[in-house]
Amino acid sequence: MSKKSSTPKARPRSRWRWFKLLLLLLLIGAAAAGWKAYEHYQRFLATPLATGNAEPTLLVASGDSFDHVLKKIRKIGLHEGHDLEWQFLAFQLHVTTKLQVGEYALGHGLTPAGLLNKLASGKVIQHRFTIVEGWTFHQLRAALAADPTVVQTLEGVDDDEVMRRLDAEGIYPEGRFLPETYHYTKGVDDLRLLKRAYLAMQELLNEEWPKRDPDLPLANPDEALTLASIIEKETGQASERPQIAGVFVRRLKLGMLLQTDPTVIYGIGPDYDGNITRVHLRTDTPYNTYTRAGLPPTPIAMPGRAAVEAALHPADGKDLYFVARGDGSHAFSATLAEHNRAVRRYQLRRRGR
């Protein structure tokens, strides 16, 4: 009687050992790859972006997704990291739902995390536009038109239409815009900046007019603005504004002619060549304060805060005259005789030289 041969059981066990070994190798390989990816990601996080010598800017527009922003990052030459690393970092920092519209400066030393945090915080580039004290409206419009960071919408639009668009139809624009530095972000247009400056001047007059000195020869805030514009153009040294204001206020009270050259020059207009003559002083225009009493019909420039305050709070005293010394300051006199001596001392001597 023959015996059945038994099947060896070592073979399945051997296959299982090989399977476990293969699995272990795969796990080790995956762990090594994972560690390598982790190290690469950490280097990506810690390495500043290569922005080069220039500091590029990144514009996040309304409606941009993070994918759009990432394409813009690549387009300006930042090739660090894999797109998946940027995506994962954005997910980690919760940036994908917090993107703020605006223009961002990518300064030196900025890391990927720093850049994404900046996009989420809204720390956008702030541009500046300064309206200079004493500018005319023509100069203001020319400066706005020449600013490359301002969106131009008023090219070819006349002054009357500009004021209509500012909801100030029929108001003469001269002097109506407060000289200050206005901060704004990319995309602002010229009309919006003018609106801010116009409202700022209105607010200043509304605040300061009720606090004016008593018995001023000014009927309303518009006359205060006109006087302030003359003070602005006559002042060479800031400390003299109240004194100059005092001279003009006393002249108005006495019914004397203001006799101020800047109003005459404004009345001459574009034909003024920088040299005021006796003919100019004798030629009558609505702005010639040598031929017409009282204030001119409108402001002649943009007065700053200090000039407005001086017009409403002039310095006390008896002076009725002043003459330029030639260094930006003025000599003030209470009588015509004193004034004539000052003219001979400063003006005629300077002309002789």
# chains A, B, ... in the order shown; residues from 1 in each chain; ligands from 1
>>> select_by_dssp(residues="region 33-122 of chain A", states="strand (DSSP E)", output="number ranges by chain")
A: 57-60, 102-105
>>> residues_around(residues="His339 (chain A)", least_positions_apart="6", cutoff="10 Å", atoms="only C-alpha atoms", output="VMD selection string")
chain A and resid 319 to 323 331 to 333 345
>>> closest_residue(among="A:Gly52, A:Pro112, A:Pro314, A:Gly63", to="Glu85 (chain A)", atoms="only C-alpha atoms")
A:Pro112
>>> residues_around(residues="His330 (chain A)", least_positions_apart="5", cutoff="10 Å", atoms="only C-alpha atoms", output="list in words")
Glu234, Thr235, Gly236, Gln237, Glu240, Gln243, Ile244, Tyr321, Phe322, Val323, Ala324, Arg325, Ala342 and Tyr346 of chain A
>>> residues_around(residues="Asp67 (chain A)", least_positions_apart="3", cutoff="10 Å", atoms="only C-alpha atoms", output="PyMOL selection string")
chain A and resi 64+70-73+83+86-87+96
>>> closest_residue(among="A:His108, A:Arg341, A:His313, A:Lys233", to="Asn53 (chain A)", atoms="only C-alpha atoms")
A:His108
>>> residues_around(residues="region 159-170 of chain A", least_positions_apart="3", cutoff="8 Å", atoms="only C-alpha atoms", output="PyMOL selection string")
chain A and resi 154+173+191+194-195
>>> atom_distance(atom1="CA of Ala197 (chain A)", atom2="CA of Thr149 (chain A)")
17.3 Å
